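J.: Supplied in structure tokens, the structure appears directly below.
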Amino acid sequence: MTHLIDHAVPLIRAVVVHPDGRSDSPRQAHERLEEAVGLARALDLDVCAEEIVRLRKPAPATLFGAGKVEELAALVRAAEAEAVVVDDQLTPVQQRNLEKAWDAKVIDRTGLILEIFGRRARTKEGRLQVELARLDYERSRLVRTWTHLERQRGGTGSTGGPGETQIEIDRRLIADRIVKLKTELEEVRRTRGLHRKQRQKVPFPTVALVGYTNAGKSTLFNRLTGSEVLAKDLLFATLDTTQRTIRLPQGRPAIVADTVGFISDLPHELVESFRATLEEVGEADLILHVRDIASPDTAAQAADVEAVLKQIPAVEGKTRRVLEVWNKIDLLDDDAKAEVVGVAERLSHDGRAVAVSAWTGEGIDALRHAITGLIDDEPESEIVLEAHQGEALAWLYENGRVTGRETDDQGRFHITVRLHPAALGRFERRFQAG
């Protein structure tokens, strides 16, 4: 299967069209158009024209009415565009008809996002997931790919000519490839499950970063962990889940996972294909919902993220805890910043929100303390160690959170520590057995 855009051709000229009135999102049309332009530029398209088209009633054959199709055709010719991005999901028939009418490559929102994901996936799992989603998408568009053959007929006058034969062959090839990909993905997921079980044996709490794409998740991840994950002002700059261990206040370890960015109307092919990646979110002890609080669209973006979160099942018996991280306060003017920080401080008492700037580091210490407070639900244990048990003392600091330490007249350590029950069992077997 060929890609939707030839990667070898730099900066293809493109027109971006947003059909207004087709989505339930509360976002304004001009904001959705701006996002679509951002997606196109993330694919290295040279956006030379952009337009919002109000839709009263979608046309089954072309989405837009005949007059608007002609008007947009003139715009495409004037812009000398080779591609048109339609910020909506097109049927195969609509996509084929618009390509004929405009004499240009037509890419719908799903195809655009799939293409971006295909470029950015780095891990084996990420590449498998994207290819599976792409094949699922392309399978319904074979009628477009083989249109020139459909009109041919067999020598007997039947409808079973070579065109249909080619379509059947291609469908079978895609179906076979999908089966193979699903088998490979299951193996990757099985391995992930084993790794997850291994992590559970070392019972560090897990914290998952989620958020609308470009909300600053990777920058925050880098700030918290000291890592250097790619962080650009670019939609979907990172796709694959990255995990690091961090130290919270008083030395408590935790695992932080940076996940793929969410977006409004995320193609269902990708929601399903990235199921294994999103499972990391479902199993997290705490979800940090990173919001670009400086964006005028922040409330609508938050609603879109919450809609995706609802599609991710939580682990049975585990309460889903979400802390909103209001990022990019450095981009606000003084009055707006004071208001946002004040509201966040009130909400922080209930563990609901913290205002930060991942770029400057402002508010990060408060965030660390908020994380500690929300995941610190292990029971406290009182442990007495002899003066020579320095290794055991170091182990407690490494694997738990020491909240109290006193030394008696005999030089013994009286330690108050919060430990996961499994960790406490390991400690007892290793240092107190017999």
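FYI, nothing fancy with the structure tokens labels: chains A, B, ... in order, residues from 1 per chain, ligands from 1 as they appear.
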What's around Leu331 (chain A) at 10 Å? Count only C-alpha atoms, leave out sequence neighbours fewer than 3 positions away in its own chain, and write the answer as a ChimeraX atom specification.
T.: /A:292-295,327-328,334,336-337,357
J.: Which neighbours of region 61-74 of chain A fall inside 8 Å, counting only C-alpha atoms, when residues of the same chain fewer than 5 positions from it are skipped, and could you give them as a PyMOL selection string?
T.: chain A and resi 55+90+93-95+97-98+101-102
J.: Applying 6 Å and only C-alpha atoms, which residues near region 30-46 of chain A remain after dropping the ones on its own chain fewer than 3 positions away? List them as a PDB file with N, CA, C and O atoms, in the first residue's frame.
T.:
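Output (selection_12.pdb):
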ATOM      1  N   LEU A  11       7.594  19.696   1.209  1.00  0.00           N
ATOM      2  CA  LEU A  11       6.720  20.867   1.203  1.00  0.00           C
ATOM      3  C   LEU A  11       5.735  20.893   0.036  1.00  0.00           C
ATOM      4  O   LEU A  11       5.775  21.763  -0.837  1.00  0.00           O
ATOM      5  N   ILE A  12       4.850  19.934   0.019  1.00  0.00           N
ATOM      6  CA  ILE A  12       3.761  19.922  -0.950  1.00  0.00           C
ATOM      7  C   ILE A  12       2.806  21.077  -0.623  1.00  0.00           C
ATOM      8  O   ILE A  12       2.434  21.279   0.529  1.00  0.00           O
ATOM      9  N   ARG A  13       2.413  21.833  -1.630  1.00  0.00           N
ATOM     10  CA  ARG A  13       1.473  22.947  -1.430  1.00  0.00           C
ATOM     11  C   ARG A  13       0.088  22.380  -1.148  1.00  0.00           C
ATOM     12  O   ARG A  13      -0.379  21.468  -1.839  1.00  0.00           O
ATOM     13  N   ALA A  14      -0.571  22.938  -0.136  1.00  0.00           N
ATOM     14  CA  ALA A  14      -1.854  22.372   0.285  1.00  0.00           C
ATOM     15  C   ALA A  14      -2.840  23.465   0.687  1.00  0.00           C
ATOM     16  O   ALA A  14      -2.450  24.538   1.161  1.00  0.00           O
ATOM     17  N   HIS A  18     -11.939  23.452   6.625  1.00  0.00           N
ATOM     18  CA  HIS A  18     -12.651  22.930   7.792  1.00  0.00           C
ATOM     19  C   HIS A  18     -14.153  23.047   7.569  1.00  0.00           C
ATOM     20  O   HIS A  18     -14.693  24.150   7.462  1.00  0.00           O
ATOM     21  N   ILE A 116       0.753  11.265  10.112  1.00  0.00           N
ATOM     22  CA  ILE A 116       1.640  11.843  11.121  1.00  0.00           C
ATOM     23  C   ILE A 116       2.118  10.764  12.082  1.00  0.00           C
ATOM     24  O   ILE A 116       3.311  10.660  12.394  1.00  0.00           O
TER      25      ILE A 116
END
J.: Contacts of Phe427 (chain A) at 12 Å or less, counting only C-alpha atoms, minus same-chain residues fewer than 3 places along, as JSON, numbers by chain?
T.: {"A": [202, 381, 383, 385, 391, 392, 393, 394, 395, 396, 397, 398, 399, 400, 417, 419, 420, 421, 422, 423, 424, 430, 431, 432, 433]}
J.: With N, CA, C and O atoms retained, write the just-selected residues as a short mmCIF file (atom, residue, chain, number, x, y, z; two decimals), in the first residue's frame.
T.:
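Below you can see again_12.cif, which holds the result:
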data_model
loop_
_atom_site.label_atom_id
_atom_site.label_comp_id
_atom_site.auth_asym_id
_atom_site.auth_seq_id
_atom_site.Cartn_x
_atom_site.Cartn_y
_atom_site.Cartn_z
N VAL A 202 7.98 -4.85 42.14
CA VAL A 202 8.70 -3.73 42.74
C VAL A 202 7.66 -2.62 42.84
O VAL A 202 7.52 -1.80 41.93
N SER A 381 4.50 1.57 58.80
CA SER A 381 5.05 0.47 59.59
C SER A 381 6.12 1.02 60.52
O SER A 381 6.85 1.96 60.16
N ILE A 383 9.50 0.02 62.34
CA ILE A 383 10.57 -0.97 62.22
C ILE A 383 11.75 -0.55 63.09
O ILE A 383 12.16 0.61 63.08
N LEU A 385 15.72 -1.24 63.84
CA LEU A 385 16.94 -1.81 63.27
C LEU A 385 18.11 -1.64 64.23
O LEU A 385 18.22 -0.61 64.91
N GLU A 391 22.54 -1.58 55.74
CA GLU A 391 22.00 -1.98 54.44
C GLU A 391 20.48 -2.01 54.47
O GLU A 391 19.83 -1.57 53.52
N ALA A 392 19.92 -2.51 55.58
CA ALA A 392 18.46 -2.55 55.71
C ALA A 392 17.89 -1.14 55.75
O ALA A 392 16.84 -0.86 55.15
N LEU A 393 18.58 -0.24 56.44
CA LEU A 393 18.12 1.15 56.52
C LEU A 393 18.13 1.79 55.12
O LEU A 393 17.16 2.46 54.73
N ALA A 394 19.21 1.55 54.36
CA ALA A 394 19.30 2.09 53.01
C ALA A 394 18.18 1.51 52.13
O ALA A 394 17.60 2.22 51.29
N TRP A 395 17.84 0.24 52.33
CA TRP A 395 16.79 -0.41 51.54
C TRP A 395 15.45 0.27 51.79
O TRP A 395 14.66 0.48 50.86
N LEU A 396 15.17 0.61 53.05
CA LEU A 396 13.90 1.28 53.38
C LEU A 396 13.81 2.64 52.70
O LEU A 396 12.76 3.02 52.17
N TYR A 397 14.90 3.38 52.69
CA TYR A 397 14.89 4.67 52.01
C TYR A 397 14.73 4.51 50.50
O TYR A 397 14.11 5.34 49.83
N GLU A 398 15.29 3.42 49.96
CA GLU A 398 15.24 3.19 48.53
C GLU A 398 13.86 2.75 48.05
O GLU A 398 13.42 3.12 46.95
N ASN A 399 13.16 1.97 48.87
CA ASN A 399 11.93 1.34 48.42
C ASN A 399 10.66 1.84 49.10
O ASN A 399 9.56 1.40 48.75
N GLY A 400 10.78 2.71 50.06
CA GLY A 400 9.60 3.23 50.75
C GLY A 400 9.73 4.71 51.00
O GLY A 400 10.59 5.38 50.42
N VAL A 417 7.93 4.11 58.42
CA VAL A 417 8.05 4.09 56.97
C VAL A 417 6.74 3.65 56.34
O VAL A 417 6.03 2.80 56.87
N LEU A 419 5.27 1.66 53.36
CA LEU A 419 5.69 0.63 52.41
C LEU A 419 4.47 -0.10 51.87
O LEU A 419 3.52 -0.37 52.59
N HIS A 420 4.53 -0.42 50.58
CA HIS A 420 3.53 -1.31 50.01
C HIS A 420 3.63 -2.66 50.73
O HIS A 420 4.74 -3.11 51.06
N PRO A 421 2.50 -3.33 51.00
CA PRO A 421 2.55 -4.61 51.71
C PRO A 421 3.50 -5.63 51.08
O PRO A 421 4.18 -6.36 51.79
N ALA A 422 3.55 -5.66 49.74
CA ALA A 422 4.48 -6.60 49.09
C ALA A 422 5.92 -6.24 49.38
O ALA A 422 6.78 -7.12 49.59
N ALA A 423 6.22 -4.94 49.41
CA ALA A 423 7.59 -4.50 49.72
C ALA A 423 7.93 -4.82 51.17
O ALA A 423 9.06 -5.23 51.48
N LEU A 424 6.97 -4.64 52.06
CA LEU A 424 7.21 -4.97 53.47
C LEU A 424 7.52 -6.45 53.62
O LEU A 424 8.43 -6.84 54.38
N ARG A 430 14.09 -10.61 53.69
CA ARG A 430 15.51 -10.36 53.44
C ARG A 430 16.29 -9.99 54.70
O ARG A 430 17.42 -10.44 54.88
N PHE A 431 15.66 -9.17 55.56
CA PHE A 431 16.44 -8.62 56.68
C PHE A 431 15.98 -9.10 58.06
O PHE A 431 16.70 -8.90 59.03
N GLN A 432 14.80 -9.71 58.12
CA GLN A 432 14.33 -10.08 59.45
C GLN A 432 13.98 -11.56 59.54
O GLN A 432 13.38 -12.00 60.52
N ALA A 433 14.30 -12.33 58.53
CA ALA A 433 14.01 -13.78 58.56
C ALA A 433 14.85 -14.47 59.62
O ALA A 433 16.03 -14.17 59.79
#
J.: Would you mind telling me which residue in A:Gly361, A:Pro19, A:Gly351, A:Gly390 lies nearest to Phe221 (chain A) when using only C-alpha atoms?
T.: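 Going through A:Gly361, A:Pro19, A:Gly351, A:Gly390 one by one, the smallest distance to Phe221 (chain A) is for A:Gly361.
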J.: Once you count only C-alpha atoms, what closest atom pair and distance in Å to one decimal does each residue of region 331-389 of chain A within 9 Å of region 402-410 of chain A have, with rows by chain and rising residue number, as CSV?
T.:
residue,atom,partner,partner_atom,distance
A:Glu380,CA,A:Thr403,CA,8.6
A:Glu386,CA,A:Gln410,CA,8.6
A:Ala387,CA,A:Gln410,CA,8.2
J.: Hey, which of A:Ala353, A:Ala338, A:Ile364, A:Val207 ends up closest to Arg320 (chain A)? Count only C-alpha atoms.
T.: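 Comparing A:Ala353, A:Ala338, A:Ile364, A:Val207 against Arg320 (chain A), the winner is A:Val207.
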J.: Which is closer to Ala175 (chain A) than all the others in A:Arg346, A:Arg139, A:Arg223, A:Arg96, using only C-alpha atoms?
T.: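 Of the candidates, the smallest distance to Ala175 (chain A) is held by A:Arg139.
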J.: Give the answer as one residue: which of A:Ala215, A:Leu248, A:Leu173, A:Val340 has the shortest atom-to-atom distance to Asp365 (chain A), using only C-alpha atoms?
T.: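 Closest residue, counting only C-alpha atoms: A:Leu248.
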J.: From the options A:Lys105, A:Lys57, A:Arg426, A:Arg352, which residue's atoms come nearest to Leu367 (chain A), counting only C-alpha atoms?
T.: A:Arg352
J.: Among region 63-146 of chain A, which residues does DSSP mark as strand (DSSP E or B) when it is run on the backbone? Keep the chain and numbering as in the structure and answer as a VMD selection string.
T.: chain A and resid 63 83 to 86 105 to 108
J.: Please identify all polymer residues within 10 Å of Asp350 (chain A), counting only C-alpha atoms, omitting same-chain residues fewer than 5 positions from it, and present them as a short mmCIF file (atom, residue, chain, number, x, y, z; two decimals) with all heavy atoms, in the first residue's frame.
T.:
data_model
loop_
_atom_site.label_atom_id
_atom_site.label_comp_id
_atom_site.auth_asym_id
_atom_site.auth_seq_id
_atom_site.Cartn_x
_atom_site.Cartn_y
_atom_site.Cartn_z
N LEU A 323 -5.29 14.35 38.63
CA LEU A 323 -4.85 15.67 39.07
C LEU A 323 -4.61 16.52 37.83
O LEU A 323 -3.83 16.15 36.96
CB LEU A 323 -3.55 15.56 39.88
CG LEU A 323 -2.86 16.88 40.25
CD1 LEU A 323 -3.74 17.71 41.20
CD2 LEU A 323 -1.50 16.62 40.88
N GLU A 345 -4.60 27.07 43.63
CA GLU A 345 -4.25 26.88 45.04
C GLU A 345 -5.45 26.43 45.86
O GLU A 345 -5.34 25.59 46.76
CB GLU A 345 -3.65 28.17 45.61
CG GLU A 345 -2.22 28.43 45.14
CD GLU A 345 -1.67 29.74 45.67
OE1 GLU A 345 -2.48 30.55 46.23
OE2 GLU A 345 -0.46 29.99 45.51
N ALA A 370 2.04 17.45 45.63
CA ALA A 370 0.67 17.04 45.36
C ALA A 370 0.62 15.59 44.90
O ALA A 370 -0.27 14.82 45.31
CB ALA A 370 0.05 17.95 44.29
N LEU A 374 -1.28 12.31 46.83
CA LEU A 374 -2.34 11.54 46.19
C LEU A 374 -2.02 10.06 46.05
O LEU A 374 -2.92 9.23 45.95
CB LEU A 374 -2.66 12.13 44.82
CG LEU A 374 -3.39 13.49 44.85
CD1 LEU A 374 -3.41 14.12 43.48
CD2 LEU A 374 -4.82 13.30 45.36
#
J.: Per residue of region 331-415 of chain A within 10 Å of region 254-259 of chain A, note the shortest atom pair and the distance in Å to one decimal, counting only C-alpha atoms, and order the rows by chain and increasing residue number, as JSON lines.
T.:
{"residue": "A:Ile371", "atom": "CA", "partner": "A:Ala254", "partner_atom": "CA", "distance": 9.6}
{"residue": "A:Thr372", "atom": "CA", "partner": "A:Ala254", "partner_atom": "CA", "distance": 9.2}
{"residue": "A:Ile375", "atom": "CA", "partner": "A:Ala254", "partner_atom": "CA", "distance": 9.2}
{"residue": "A:Asn399", "atom": "CA", "partner": "A:Ala254", "partner_atom": "CA", "distance": 9.7}
J.: Output N, CA and C atoms for every residue in that selection, as a PDB file, in the first residue's frame.
T.:
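In the end it all went to again_4.pdb:
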ATOM      1  N   ILE A 371       1.579  15.184  44.063  1.00  0.00           N
ATOM      2  CA  ILE A 371       1.649  13.786  43.621  1.00  0.00           C
ATOM      3  C   ILE A 371       1.850  12.869  44.822  1.00  0.00           C
ATOM      4  N   THR A 372       2.779  13.253  45.696  1.00  0.00           N
ATOM      5  CA  THR A 372       3.056  12.443  46.885  1.00  0.00           C
ATOM      6  C   THR A 372       1.807  12.263  47.730  1.00  0.00           C
ATOM      7  N   ILE A 375      -0.733   9.719  46.013  1.00  0.00           N
ATOM      8  CA  ILE A 375      -0.380   8.301  45.862  1.00  0.00           C
ATOM      9  C   ILE A 375       0.112   7.694  47.160  1.00  0.00           C
ATOM     10  N   ASN A 399      13.161   1.972  48.872  1.00  0.00           N
ATOM     11  CA  ASN A 399      11.928   1.336  48.422  1.00  0.00           C
ATOM     12  C   ASN A 399      10.659   1.835  49.101  1.00  0.00           C
TER      13      ASN A 399
END
J.: Here is a test: counting only C-alpha atoms, which residue of A:Arg22, A:Ser348, A:Val16, A:Gln28 is nearest to Val84 (chain A)?
T.: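 Closest residue, counting only C-alpha atoms: A:Val16.
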